[in-house]
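*Asks:* My structure file coords-v1.cif, mmCIF, C-alpha atoms, is below:
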data_data
#
loop_
_atom_site.group_PDB
_atom_site.id
_atom_site.type_symbol
_atom_site.label_atom_id
_atom_site.label_comp_id
_atom_site.auth_asym_id
_atom_site.auth_seq_id
_atom_site.Cartn_x
_atom_site.Cartn_y
_atom_site.Cartn_z
ATOM 1 C CA MET A 127 11.050 -20.835 -88.999
ATOM 2 C CA THR A 128 11.852 -24.278 -87.603
ATOM 3 C CA THR A 129 13.151 -25.050 -84.125
ATOM 4 C CA GLU A 130 15.604 -27.920 -83.799
ATOM 5 C CA THR A 131 14.306 -30.562 -81.371
ATOM 6 C CA ARG A 132 16.675 -31.272 -78.513
ATOM 7 C CA ARG A 133 17.838 -34.866 -78.337
ATOM 8 C CA PRO A 134 17.118 -36.447 -74.928
ATOM 9 C CA ARG A 135 20.352 -37.210 -73.096
ATOM 10 C CA ILE A 136 20.607 -40.574 -71.367
ATOM 11 C CA TRP A 137 23.248 -41.895 -69.007
ATOM 12 C CA LEU A 138 24.563 -45.387 -68.392
ATOM 13 C CA ASP A 139 27.551 -46.277 -66.256
ATOM 14 C CA GLY A 140 29.524 -49.303 -65.182
ATOM 15 C CA CYS A 141 32.860 -51.094 -65.087
ATOM 16 C CA PHE A 142 32.541 -52.521 -68.613
ATOM 17 C CA ASP A 143 35.318 -54.978 -67.835
ATOM 18 C CA LEU A 144 36.067 -57.366 -70.725
ATOM 19 C CA THR A 145 33.654 -55.137 -72.659
ATOM 20 C CA HIS A 146 31.383 -57.616 -74.454
ATOM 21 C CA TRP A 147 28.246 -57.752 -76.572
ATOM 22 C CA GLY A 148 26.037 -57.930 -73.467
ATOM 23 C CA HIS A 149 27.304 -54.479 -72.455
ATOM 24 C CA ALA A 150 26.663 -53.234 -75.990
ATOM 25 C CA ASN A 151 23.154 -54.683 -75.930
ATOM 26 C CA VAL A 152 22.215 -52.803 -72.754
ATOM 27 C CA ILE A 153 23.313 -49.571 -74.444
ATOM 28 C CA ARG A 154 21.382 -50.476 -77.595
ATOM 29 C CA GLN A 155 18.289 -51.299 -75.508
ATOM 30 C CA ALA A 156 18.605 -47.972 -73.698
ATOM 31 C CA ARG A 157 18.327 -46.105 -76.995
ATOM 32 C CA VAL A 158 15.278 -48.146 -77.994
ATOM 33 C CA HIS A 159 13.649 -47.776 -74.572
ATOM 34 C CA VAL A 160 13.844 -43.980 -74.619
ATOM 35 C CA GLY A 161 12.883 -43.793 -78.293
ATOM 36 C CA GLY A 162 13.735 -41.252 -80.937
ATOM 37 C CA ASP A 163 17.413 -40.467 -81.303
ATOM 38 C CA PRO A 164 18.798 -40.004 -77.785
ATOM 39 C CA TYR A 165 22.323 -38.807 -77.074
ATOM 40 C CA VAL A 166 24.003 -41.604 -75.113
ATOM 41 C CA VAL A 167 26.552 -40.713 -72.439
ATOM 42 C CA VAL A 168 28.384 -43.634 -70.807
ATOM 43 C CA GLY A 169 30.302 -43.253 -67.564
ATOM 44 C CA VAL A 170 33.119 -45.717 -66.941
ATOM 45 C CA HIS A 171 34.646 -46.364 -63.506
ATOM 46 C CA GLU A 172 38.405 -46.119 -63.026
ATOM 47 C CA ASP A 173 40.483 -49.050 -61.801
ATOM 48 C CA GLN A 174 40.880 -47.736 -58.246
ATOM 49 C CA GLU A 175 37.116 -47.231 -57.811
ATOM 50 C CA ILE A 176 36.363 -50.776 -58.990
ATOM 51 C CA ALA A 177 38.987 -52.251 -56.658
ATOM 52 C CA ARG A 178 37.538 -50.234 -53.761
ATOM 53 C CA VAL A 179 34.005 -51.547 -54.299
ATOM 54 C CA LYS A 180 34.627 -55.068 -55.626
ATOM 55 C CA HIS A 181 37.840 -55.764 -53.692
ATOM 56 C CA THR A 182 39.491 -57.027 -56.877
ATOM 57 C CA PRO A 183 40.919 -55.028 -59.766
ATOM 58 C CA PRO A 184 39.343 -55.235 -63.219
ATOM 59 C CA VAL A 185 40.971 -57.506 -65.786
ATOM 60 C CA CYS A 186 41.280 -54.689 -68.335
ATOM 61 C CA THR A 187 42.817 -51.344 -67.453
ATOM 62 C CA GLN A 188 40.743 -48.190 -67.421
ATOM 63 C CA ALA A 189 42.405 -46.976 -70.643
ATOM 64 C CA GLU A 190 41.514 -50.264 -72.362
ATOM 65 C CA ARG A 191 37.934 -50.078 -71.107
ATOM 66 C CA TYR A 192 37.505 -46.432 -72.109
ATOM 67 C CA ALA A 193 38.652 -47.279 -75.644
ATOM 68 C CA ALA A 194 36.378 -50.318 -75.885
ATOM 69 C CA VAL A 195 33.273 -48.421 -74.760
ATOM 70 C CA ARG A 196 34.002 -45.492 -77.105
ATOM 71 C CA ALA A 197 33.988 -47.962 -80.008
ATOM 72 C CA ILE A 198 30.452 -49.235 -79.327
ATOM 73 C CA ARG A 199 28.298 -47.928 -82.174
ATOM 74 C CA TRP A 200 25.439 -46.772 -79.929
ATOM 75 C CA VAL A 201 27.670 -44.585 -77.700
ATOM 76 C CA ASP A 202 27.958 -40.836 -78.320
ATOM 77 C CA GLU A 203 30.205 -39.820 -75.424
ATOM 78 C CA VAL A 204 32.279 -41.446 -72.682
ATOM 79 C CA VAL A 205 32.894 -39.846 -69.295
ATOM 80 C CA GLU A 206 35.957 -41.268 -67.609
ATOM 81 C CA ALA A 207 36.526 -42.079 -63.927
ATOM 82 C CA VAL A 208 32.952 -41.676 -62.704
ATOM 83 C CA PRO A 209 31.981 -42.626 -59.122
ATOM 84 C CA TYR A 210 30.254 -45.934 -58.453
ATOM 85 C CA SER A 211 27.121 -44.152 -57.239
ATOM 86 C CA PRO A 212 25.956 -41.451 -59.680
ATOM 87 C CA SER A 213 24.751 -38.199 -58.113
ATOM 88 C CA LEU A 214 22.226 -35.603 -59.211
ATOM 89 C CA PRO A 215 24.925 -32.894 -59.456
ATOM 90 C CA LEU A 216 26.857 -35.159 -61.847
ATOM 91 C CA MET A 217 23.718 -35.708 -63.928
ATOM 92 C CA ARG A 218 23.017 -31.970 -64.034
ATOM 93 C CA LYS A 219 26.621 -31.310 -65.101
ATOM 94 C CA HIS A 220 26.058 -33.509 -68.166
ATOM 95 C CA ASN A 221 22.458 -32.347 -68.783
ATOM 96 C CA ILE A 222 21.079 -35.880 -68.326
ATOM 97 C CA ASP A 223 17.342 -36.535 -68.667
ATOM 98 C CA PHE A 224 17.262 -40.263 -67.840
ATOM 99 C CA VAL A 225 19.570 -42.817 -66.260
ATOM 100 C CA ILE A 226 19.376 -46.333 -67.653
ATOM 101 C CA HIS A 227 20.589 -49.566 -66.078
ATOM 102 C CA GLY A 228 20.059 -53.287 -66.492
ATOM 103 C CA ASP A 229 17.849 -55.066 -63.994
ATOM 104 C CA ASP A 230 20.956 -56.261 -62.098
ATOM 105 C CA ILE A 231 21.221 -53.051 -60.068
ATOM 106 C CA ALA A 232 24.600 -52.472 -58.416
ATOM 107 C CA VAL A 233 25.084 -51.914 -54.691
ATOM 108 C CA ASP A 234 27.786 -49.921 -52.916
ATOM 109 C CA THR A 235 30.157 -51.098 -50.184
ATOM 110 C CA ASN A 236 27.378 -50.616 -47.596
ATOM 111 C CA GLY A 237 24.935 -52.765 -49.537
ATOM 112 C CA ARG A 238 22.807 -49.793 -50.643
ATOM 113 C CA ASN A 239 21.392 -49.379 -54.114
ATOM 114 C CA CYS A 240 23.873 -47.197 -55.992
ATOM 115 C CA TYR A 241 21.012 -45.424 -57.775
ATOM 116 C CA GLU A 242 18.840 -44.435 -54.784
ATOM 117 C CA GLU A 243 19.309 -40.721 -55.424
ATOM 118 C CA ILE A 244 18.490 -41.108 -59.117
ATOM 119 C CA ILE A 245 15.412 -43.258 -58.409
ATOM 120 C CA SER A 246 14.110 -40.712 -55.875
ATOM 121 C CA ALA A 247 14.426 -38.001 -58.529
ATOM 122 C CA GLY A 248 12.293 -40.057 -60.953
ATOM 123 C CA MET A 249 15.082 -40.252 -63.528
ATOM 124 C CA MET A 250 15.674 -44.020 -63.471
ATOM 125 C CA LYS A 251 14.663 -46.440 -66.229
ATOM 126 C CA ILE A 252 15.391 -50.182 -66.207
ATOM 127 C CA VAL A 253 16.073 -52.461 -69.181
ATOM 128 C CA PRO A 254 16.559 -56.254 -69.056
ATOM 129 C CA ARG A 255 20.156 -57.438 -68.715
ATOM 130 C CA THR A 256 21.418 -59.682 -71.488
ATOM 131 C CA GLU A 257 21.212 -63.326 -70.471
ATOM 132 C CA GLY A 258 23.965 -65.753 -71.390
ATOM 133 C CA VAL A 259 26.982 -63.479 -71.135
ATOM 134 C CA SER A 260 28.653 -61.586 -68.318
ATOM 135 C CA THR A 261 32.130 -60.552 -67.240
ATOM 136 C CA THR A 262 31.908 -63.070 -64.392
ATOM 137 C CA ASP A 263 31.090 -65.857 -66.855
ATOM 138 C CA LEU A 264 33.952 -64.921 -69.192
ATOM 139 C CA ILE A 265 36.398 -64.858 -66.285
ATOM 140 C CA GLN A 266 35.199 -68.314 -65.243
ATOM 141 C CA ARG A 267 35.720 -69.622 -68.780
ATOM 142 C CA MET A 268 39.307 -68.335 -68.672
ATOM 143 C CA LEU A 269 39.825 -69.917 -65.245
ATOM 144 C CA ASP A 270 38.512 -73.202 -66.651
ATOM 145 C CA SER A 271 40.966 -72.951 -69.536
ATOM 146 C CA THR A 272 43.893 -72.770 -67.095
ATOM 147 C CA THR A 273 42.862 -76.120 -65.591
ATOM 148 C CA GLY A 274 42.130 -77.792 -68.905
ATOM 149 C CA ASN A 275 38.371 -77.817 -68.287
ATOM 150 C CA LEU A 276 37.493 -75.600 -71.243
ATOM 151 C CA GLY A 277 36.147 -77.553 -74.210
ATOM 152 C CA ALA A 278 34.132 -76.289 -77.138
ATOM 153 C CA PRO A 279 32.771 -72.775 -76.506
ATOM 154 C CA LYS A 280 29.510 -72.267 -74.656
ATOM 155 C CA LEU A 281 26.516 -72.685 -76.956
ATOM 156 C CA PHE A 282 24.877 -69.410 -77.911
ATOM 157 C CA MET A 283 21.832 -69.426 -80.162
ATOM 158 C CA LEU A 284 22.089 -66.563 -82.640
ATOM 159 C CA SER A 285 18.577 -65.766 -83.833
ATOM 160 C CA ALA A 286 17.402 -63.726 -86.814
ATOM 161 C CA ARG A 287 15.877 -61.248 -84.349
ATOM 162 C CA ARG A 288 19.195 -60.712 -82.583
ATOM 163 C CA ILE A 289 21.057 -60.272 -85.871
ATOM 164 C CA THR A 290 18.446 -57.723 -86.964
ATOM 165 C CA GLU A 291 18.777 -55.817 -83.670
ATOM 166 C CA PHE A 292 22.555 -55.630 -83.882
ATOM 167 C CA GLY A 293 22.781 -55.459 -87.668
ATOM 168 C CA GLY A 294 20.327 -52.644 -88.283
ATOM 169 C CA PHE A 295 23.293 -50.452 -89.228
ATOM 170 C CA THR A 296 24.266 -52.571 -92.239
ATOM 171 C CA LYS A 297 23.801 -50.988 -95.646
ATOM 172 C CA LYS A 298 24.731 -52.206 -99.070
ATOM 173 C CA PRO A 299 28.037 -50.659 -100.170
ATOM 174 C CA LEU A 300 27.769 -47.933 -102.769
ATOM 175 C CA PRO A 301 29.561 -48.242 -106.122
ATOM 176 C CA SER A 302 31.866 -45.466 -104.923
ATOM 177 C CA ASP A 303 32.806 -47.270 -101.682
ATOM 178 C CA VAL A 304 36.303 -48.642 -101.215
ATOM 179 C CA LEU A 305 35.859 -52.055 -99.587
ATOM 180 C CA VAL A 306 38.369 -53.310 -97.047
ATOM 181 C CA TYR A 307 38.294 -56.894 -95.790
ATOM 182 C CA THR A 308 39.974 -58.380 -92.753
ATOM 183 C CA ASP A 309 39.519 -61.692 -91.018
ATOM 184 C CA GLY A 310 40.398 -63.229 -87.693
ATOM 185 C CA VAL A 311 39.243 -64.789 -84.445
ATOM 186 C CA PHE A 312 38.439 -61.588 -82.489
ATOM 187 C CA ASP A 313 38.066 -63.496 -79.246
ATOM 188 C CA LEU A 314 37.300 -61.291 -76.212
ATOM 189 C CA LEU A 315 37.215 -58.266 -78.532
ATOM 190 C CA HIS A 316 39.542 -55.754 -76.900
ATOM 191 C CA ALA A 317 41.183 -52.364 -77.384
ATOM 192 C CA GLY A 318 43.964 -53.820 -79.559
ATOM 193 C CA HIS A 319 41.438 -55.409 -81.929
ATOM 194 C CA ILE A 320 39.438 -52.199 -82.033
ATOM 195 C CA GLU A 321 42.401 -50.014 -82.958
ATOM 196 C CA PHE A 322 43.339 -52.511 -85.680
ATOM 197 C CA LEU A 323 39.782 -52.325 -87.085
ATOM 198 C CA ARG A 324 39.837 -48.529 -86.976
ATOM 199 C CA ARG A 325 43.100 -48.377 -88.880
ATOM 200 C CA SER A 326 41.890 -50.970 -91.394
ATOM 201 C CA LYS A 327 38.772 -48.882 -92.038
ATOM 202 C CA GLU A 328 40.964 -45.854 -92.775
ATOM 203 C CA LEU A 329 42.243 -47.572 -95.941
ATOM 204 C CA GLY A 330 38.771 -47.319 -97.478
ATOM 205 C CA THR A 331 35.174 -46.434 -96.714
ATOM 206 C CA TYR A 332 33.504 -49.795 -96.007
ATOM 207 C CA LEU A 333 34.959 -52.453 -93.683
ATOM 208 C CA VAL A 334 33.926 -56.104 -93.867
ATOM 209 C CA VAL A 335 35.149 -58.396 -91.083
ATOM 210 C CA GLY A 336 35.345 -62.157 -91.560
ATOM 211 C CA ILE A 337 35.143 -64.199 -88.352
ATOM 212 C CA PHE A 338 36.455 -67.766 -88.259
ATOM 213 C CA ASP A 339 34.239 -70.482 -86.810
ATOM 214 C CA ASP A 340 35.269 -72.360 -83.683
ATOM 215 C CA GLU A 341 36.688 -75.390 -85.519
ATOM 216 C CA GLU A 342 38.820 -73.181 -87.784
ATOM 217 C CA VAL A 343 40.138 -71.384 -84.697
ATOM 218 C CA LYS A 344 41.087 -74.726 -83.142
ATOM 219 C CA ARG A 345 42.771 -75.811 -86.377
ATOM 220 C CA ARG A 346 44.824 -72.602 -86.475
ATOM 221 C CA THR A 347 45.690 -72.245 -82.796
ATOM 222 C CA GLY A 348 45.334 -75.724 -81.331
ATOM 223 C CA LYS A 349 42.562 -74.689 -78.957
ATOM 224 C CA TYR A 350 39.017 -73.416 -78.975
ATOM 225 C CA PRO A 351 38.293 -69.710 -78.413
ATOM 226 C CA ILE A 352 36.865 -68.496 -75.109
ATOM 227 C CA MET A 353 33.800 -67.101 -76.874
ATOM 228 C CA SER A 354 31.780 -68.993 -79.470
ATOM 229 C CA LEU A 355 31.529 -67.897 -83.090
ATOM 230 C CA HIS A 356 28.131 -66.294 -82.551
ATOM 231 C CA GLU A 357 29.268 -64.402 -79.445
ATOM 232 C CA ARG A 358 32.298 -63.114 -81.326
ATOM 233 C CA VAL A 359 30.057 -62.077 -84.222
ATOM 234 C CA MET A 360 27.855 -60.046 -81.874
ATOM 235 C CA SER A 361 30.852 -58.295 -80.319
ATOM 236 C CA VAL A 362 32.286 -57.327 -83.708
ATOM 237 C CA MET A 363 28.884 -56.185 -85.005
ATOM 238 C CA ALA A 364 28.691 -53.770 -82.080
ATOM 239 C CA CYS A 365 31.920 -52.032 -83.163
ATOM 240 C CA LYS A 366 31.261 -48.733 -84.915
ATOM 241 C CA TYR A 367 34.113 -49.173 -87.402
ATOM 242 C CA VAL A 368 32.545 -52.309 -88.910
ATOM 243 C CA ASP A 369 30.107 -52.136 -91.829
ATOM 244 C CA ASP A 370 29.415 -55.837 -92.361
ATOM 245 C CA VAL A 371 30.431 -59.245 -91.004
ATOM 246 C CA VAL A 372 31.073 -62.592 -92.689
ATOM 247 C CA ILE A 373 30.000 -65.334 -90.272
ATOM 248 C CA GLY A 374 32.283 -68.369 -90.524
ATOM 249 C CA ALA A 375 34.819 -66.765 -92.842
ATOM 250 C CA PRO A 376 36.719 -68.918 -95.334
ATOM 251 C CA ALA A 377 40.144 -70.107 -94.211
ATOM 252 C CA ALA A 378 41.854 -68.605 -97.273
ATOM 253 C CA ILE A 379 40.986 -65.651 -99.473
ATOM 254 C CA SER A 380 40.417 -66.598 -103.106
ATOM 255 C CA LYS A 381 40.325 -64.548 -106.294
ATOM 256 C CA ASP A 382 36.621 -65.428 -106.687
ATOM 257 C CA MET A 383 35.916 -63.996 -103.225
ATOM 258 C CA ILE A 384 37.843 -60.804 -103.984
ATOM 259 C CA THR A 385 35.977 -60.335 -107.263
ATOM 260 C CA ALA A 386 32.513 -61.168 -105.876
ATOM 261 C CA MET A 387 32.902 -58.785 -102.936
ATOM 262 C CA ASN A 388 34.730 -56.109 -104.964
ATOM 263 C CA LEU A 389 37.507 -55.954 -102.359
ATOM 264 C CA ARG A 390 40.204 -53.297 -102.744
ATOM 265 C CA PHE A 391 42.308 -54.086 -99.682
ATOM 266 C CA ILE A 392 42.806 -57.115 -97.424
ATOM 267 C CA THR A 393 44.374 -56.330 -94.058
ATOM 268 C CA HIS A 394 46.090 -58.440 -91.450
ATOM 269 C CA GLY A 395 47.584 -57.648 -88.054
ATOM 270 C CA LEU A 396 51.222 -57.957 -87.043
ATOM 271 C CA LEU A 397 50.809 -59.902 -83.783
ATOM 272 C CA TYR A 398 49.195 -63.090 -85.102
ATOM 273 C CA ARG A 399 51.166 -65.533 -87.206
ATOM 274 C CA ALA A 400 49.879 -68.881 -88.478
ATOM 275 C CA ALA A 401 51.885 -72.036 -87.801
ATOM 276 C CA ALA A 402 54.908 -72.392 -90.076
ATOM 277 C CA SER A 403 53.448 -75.584 -91.534
ATOM 278 C CA SER A 404 50.244 -73.834 -92.610
ATOM 279 C CA ALA A 405 49.675 -72.646 -96.153
ATOM 280 C CA ASP A 406 49.590 -68.860 -96.499
ATOM 281 C CA PRO A 407 45.872 -67.896 -96.616
ATOM 282 C CA TYR A 408 46.768 -64.495 -98.095
ATOM 283 C CA VAL A 409 48.829 -65.647 -101.075
ATOM 284 C CA VAL A 410 46.195 -64.512 -103.607
ATOM 285 C CA PRO A 411 45.693 -60.956 -102.281
ATOM 286 C CA LYS A 412 49.480 -60.637 -101.977
ATOM 287 C CA GLU A 413 49.930 -61.602 -105.627
ATOM 288 C CA MET A 414 47.209 -59.107 -106.597
ATOM 289 C CA GLY A 415 48.847 -56.291 -104.617
ATOM 290 C CA LEU A 416 45.849 -55.931 -102.289
ATOM 291 C CA TYR A 417 47.395 -57.186 -99.041
ATOM 292 C CA ARG A 418 48.269 -54.713 -96.282
ATOM 293 C CA GLU A 419 49.698 -55.361 -92.829
ATOM 294 C CA ILE A 420 48.349 -53.050 -90.159
ATOM 295 C CA SER A 421 49.881 -52.362 -86.765
ATOM 296 C CA SER A 422 47.516 -51.373 -83.985
ATOM 297 C CA GLU A 423 50.510 -50.046 -81.988
ATOM 298 C CA SER A 424 49.118 -52.143 -79.114
ATOM 299 C CA THR A 425 50.661 -55.165 -77.421
ATOM 300 C CA LEU A 426 47.332 -56.244 -75.939
ATOM 301 C CA THR A 427 46.227 -59.712 -77.035
ATOM 302 C CA THR A 428 43.523 -62.168 -76.016
ATOM 303 C CA GLU A 429 46.287 -64.384 -74.611
ATOM 304 C CA GLU A 430 47.526 -61.522 -72.418
ATOM 305 C CA ILE A 431 44.002 -60.999 -71.050
ATOM 306 C CA ALA A 432 43.733 -64.713 -70.217
ATOM 307 C CA ASN A 433 47.170 -64.571 -68.589
ATOM 308 C CA ARG A 434 46.059 -61.686 -66.363
ATOM 309 C CA VAL A 435 43.170 -63.799 -65.126
ATOM 310 C CA ALA A 436 45.465 -66.802 -64.583
ATOM 311 C CA ARG A 437 47.955 -64.704 -62.585
ATOM 312 C CA ALA A 438 45.170 -63.508 -60.273
ATOM 313 C CA GLN A 439 43.304 -66.832 -60.284
ATOM 314 C CA ALA A 440 42.671 -66.993 -56.532
ATOM 315 C CA GLU A 441 41.303 -63.425 -56.419
ATOM 316 C CA TYR A 442 38.893 -63.950 -59.320
ATOM 317 C CA GLN A 443 37.708 -67.337 -58.039
ATOM 318 C CA GLU A 444 36.879 -65.752 -54.684
ATOM 319 C CA ARG A 445 35.085 -62.845 -56.399
ATOM 320 C CA ASN A 446 33.019 -65.204 -58.555
ATOM 321 C CA LEU A 447 32.025 -67.213 -55.473
ATOM 322 C CA ARG A 448 30.983 -64.014 -53.667
ATOM 323 C CA LYS A 449 28.898 -62.943 -56.641
ATOM 324 C CA ALA A 450 27.273 -66.380 -56.963
ATOM 325 C CA SER A 451 26.339 -66.437 -53.268
ATOM 326 C CA SER A 452 24.708 -62.998 -53.515
ATOM 327 C CA HIS A 453 22.107 -64.212 -56.072
#
Any chance you could give the structure as structure tokens?

*Replies:*
Amino acid sequence: MTTETRRPRIWLDGCFDLTHWGHANVIRQARVHVGGDPYVVVGVHEDQEIARVKHTPPVCTQAERYAAVRAIRWVDEVVEAVPYSPSLPLMRKHNIDFVIHGDDIAVDTNGRNCYEEIISAGMMKIVPRTEGVSTTDLIQRMLDSTTGNLGAPKLFMLSARRITEFGGFTKKPLPSDVLVYTDGVFDLLHAGHIEFLRRSKELGTYLVVGIFDDEEVKRRTGKYPIMSLHERVMSVMACKYVDDVVIGAPAAISKDMITAMNLRFITHGLLYRAAASSADPYVVPKEMGLYREISSESTLTTEEIANRVARAQAEYQERNLRKASSH
């Protein structure tokens, strides 16, 4: 008679505003740090709680942040509207064995470590935060774009090690798999993108996402993306609906590409339209009857996120200055 081994349950929490690949990496590291196959529970703060502690509202709404965190491939469960300082009763309610956080520990409105109670109980484990990306940094990039100071995206060196860490999920498609391909910019990957990817995946069993490089984005839109190609690749790789990624996707989809990749469907969203003067990059899949337009039923766009930051420019500039002075 065999006894099933209980999976250790670990907890992470945070705002997860502009949910990005750095957030996903902390969650991935948490799983590795504990070892085995832990059950990962992620608590996400509601808008009101963030405004109370940080004195500025998050850029993305709580519903948008809940959806984005649920889509991270290393997350098993999301608990909504958790307090800024986790308590032992809350941990007992969710049967938590360990609490994990990056080494940038949060403090409450009184300047106290939010995790004092957890640390005293011996449940706390620390993992390194991901250097090179943060919500504060992304907000600053958007602020720079409003003043015309944003040039080519910030350089991010994508190493083989990092690809292996994030791409460990990739498996060769089976002969029986139905391959779906979509392409795009996927800048500041958000809840609208995620729902589009989920619905695209539903057409088949294996979703490949092509991501345009920075120069192709500028050619199509007239401006560079907020996040570099490699940052956008990492964010998409962290999405649980994605099976593989094409880095620097071709501008147009050819018959050779469709045949070589054995593609059954090519999807495109309803919100983005290329300039009228541009050649249709989907003419071949349309002629072959493989093209499908997918609605995410969301009006959220990267432009809308940037506009939110621009509308609250003074608030976010002040918050970034406060955060910079605290380090």

*Asks:* Write out as a PyMOL selection string the residues lying within 12 Å of Pro351 (chain A), counting all atoms listed in the file and excluding same-chain residues fewer than 5 positions away.

*Replies:* chain A and resi 264+267-268+271+276-280+310-315+337-346+356-358+428-429+432

*Asks:* To one decimal place in Å, what is the distance between CA of Thr296 (chain A) and CA of Tyr367 (chain A)?

*Replies:*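 Computed distance, CA of Thr296 (chain A) to CA of Tyr367 (chain A), equals 11.5 Å.
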
*Asks:* Report, in Å with one decimal, the straight-line distance from CA of His316 (chain A) to CA of Leu144 (chain A).

*Replies:*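 Separation of CA of His316 (chain A) and CA of Leu144 (chain A): 7.3 Å.
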
*Asks:* Evaluated on this file, the PyMOL selection byres ((chain A and resi 261) around 12) picks out some residues - which ones are they, written as number ranges by chain?

*Replies:* A: 140-149, 184-186, 256-260, 262-268, 314, 353, 435, 442, 445-446, 449

*Asks:* For CA of Val371 (chain A) and CA of Val166 (chain A), determine how far apart the two atoms are, in Å to one decimal place.

*Replies:*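 Taking CA of Val371 (chain A) and CA of Val166 (chain A), their separation equals 24.6 Å.
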
*Asks:* Taking all atoms listed in the file into account, name the residue in A:Ala197, A:Leu333, A:Ala232, A:Met217 that is nearest to Ile176 (chain A).

*Replies:*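 Among the listed residues, the smallest separation from Ile176 (chain A) belongs to A:Ala232.
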
*Asks:* With all atoms listed in the file as the atoms that count, which of A:Met414, A:Met360, A:Cys240, A:Val368 lies nearest to Glu321 (chain A)?

*Replies:*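 The answer is A:Val368, which sits nearest to Glu321 (chain A).
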
*Asks:* Taking the file above as input, evaluate the PyMOL selection byres ((chain A and resi 319) around 9) and report the hits as a ChimeraX atom specification.

*Replies:* /A:312,315-318,320-324,395,422,424,426-427

*Asks:* Could you tell me which residues the PyMOL selection byres ((chain A and resi 220) around 10) returns for this structure, as a list in words?

*Replies:*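 Those residues are Arg135, Ile136, Trp137, Val167, Val205, Leu214, Pro215, Leu216, Met217, Arg218, Lys219, Asn221, Ile222 and Asp223 of chain A.
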
*Asks:* Hey, which of A:Met383, A:Ala189, A:Leu416, A:Ile231 ends up closest to Val306 (chain A)? Count only C-alpha atoms.

*Replies:*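 Closest residue, counting only C-alpha atoms: A:Leu416.
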
*Asks:* Counting only C-alpha atoms, which of A:Val335, A:Ile420, A:Ala194, A:Val158 gets nearest to Val359 (chain A)?

*Replies:* A:Val335

*Asks:* Counting all atoms listed in the file, figure out which residue out of A:Gln155, A:Tyr165, A:Gly248, A:Val233 gets nearest to Arg132 (chain A).

*Replies:*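 Looking at the shortest contact to Arg132 (chain A), the residue is A:Tyr165.
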
*Asks:* Of the candidates A:Ser213, A:Ser302, A:Ser421, A:Thr272, which one gets nearest to Ala247 (chain A) if we count all atoms listed in the file?

*Replies:*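 For Ala247 (chain A), the nearest of the given residues is A:Ser213.
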
*Asks:* Tell me, as a ChimeraX atom specification, which residues lie within 10 Å of Arg157 (chain A), counting all atoms listed in the file; anything in the same chain fewer than 4 positions away does not count.

*Replies:* /A:134-136,151-153,161-166,200-201,226
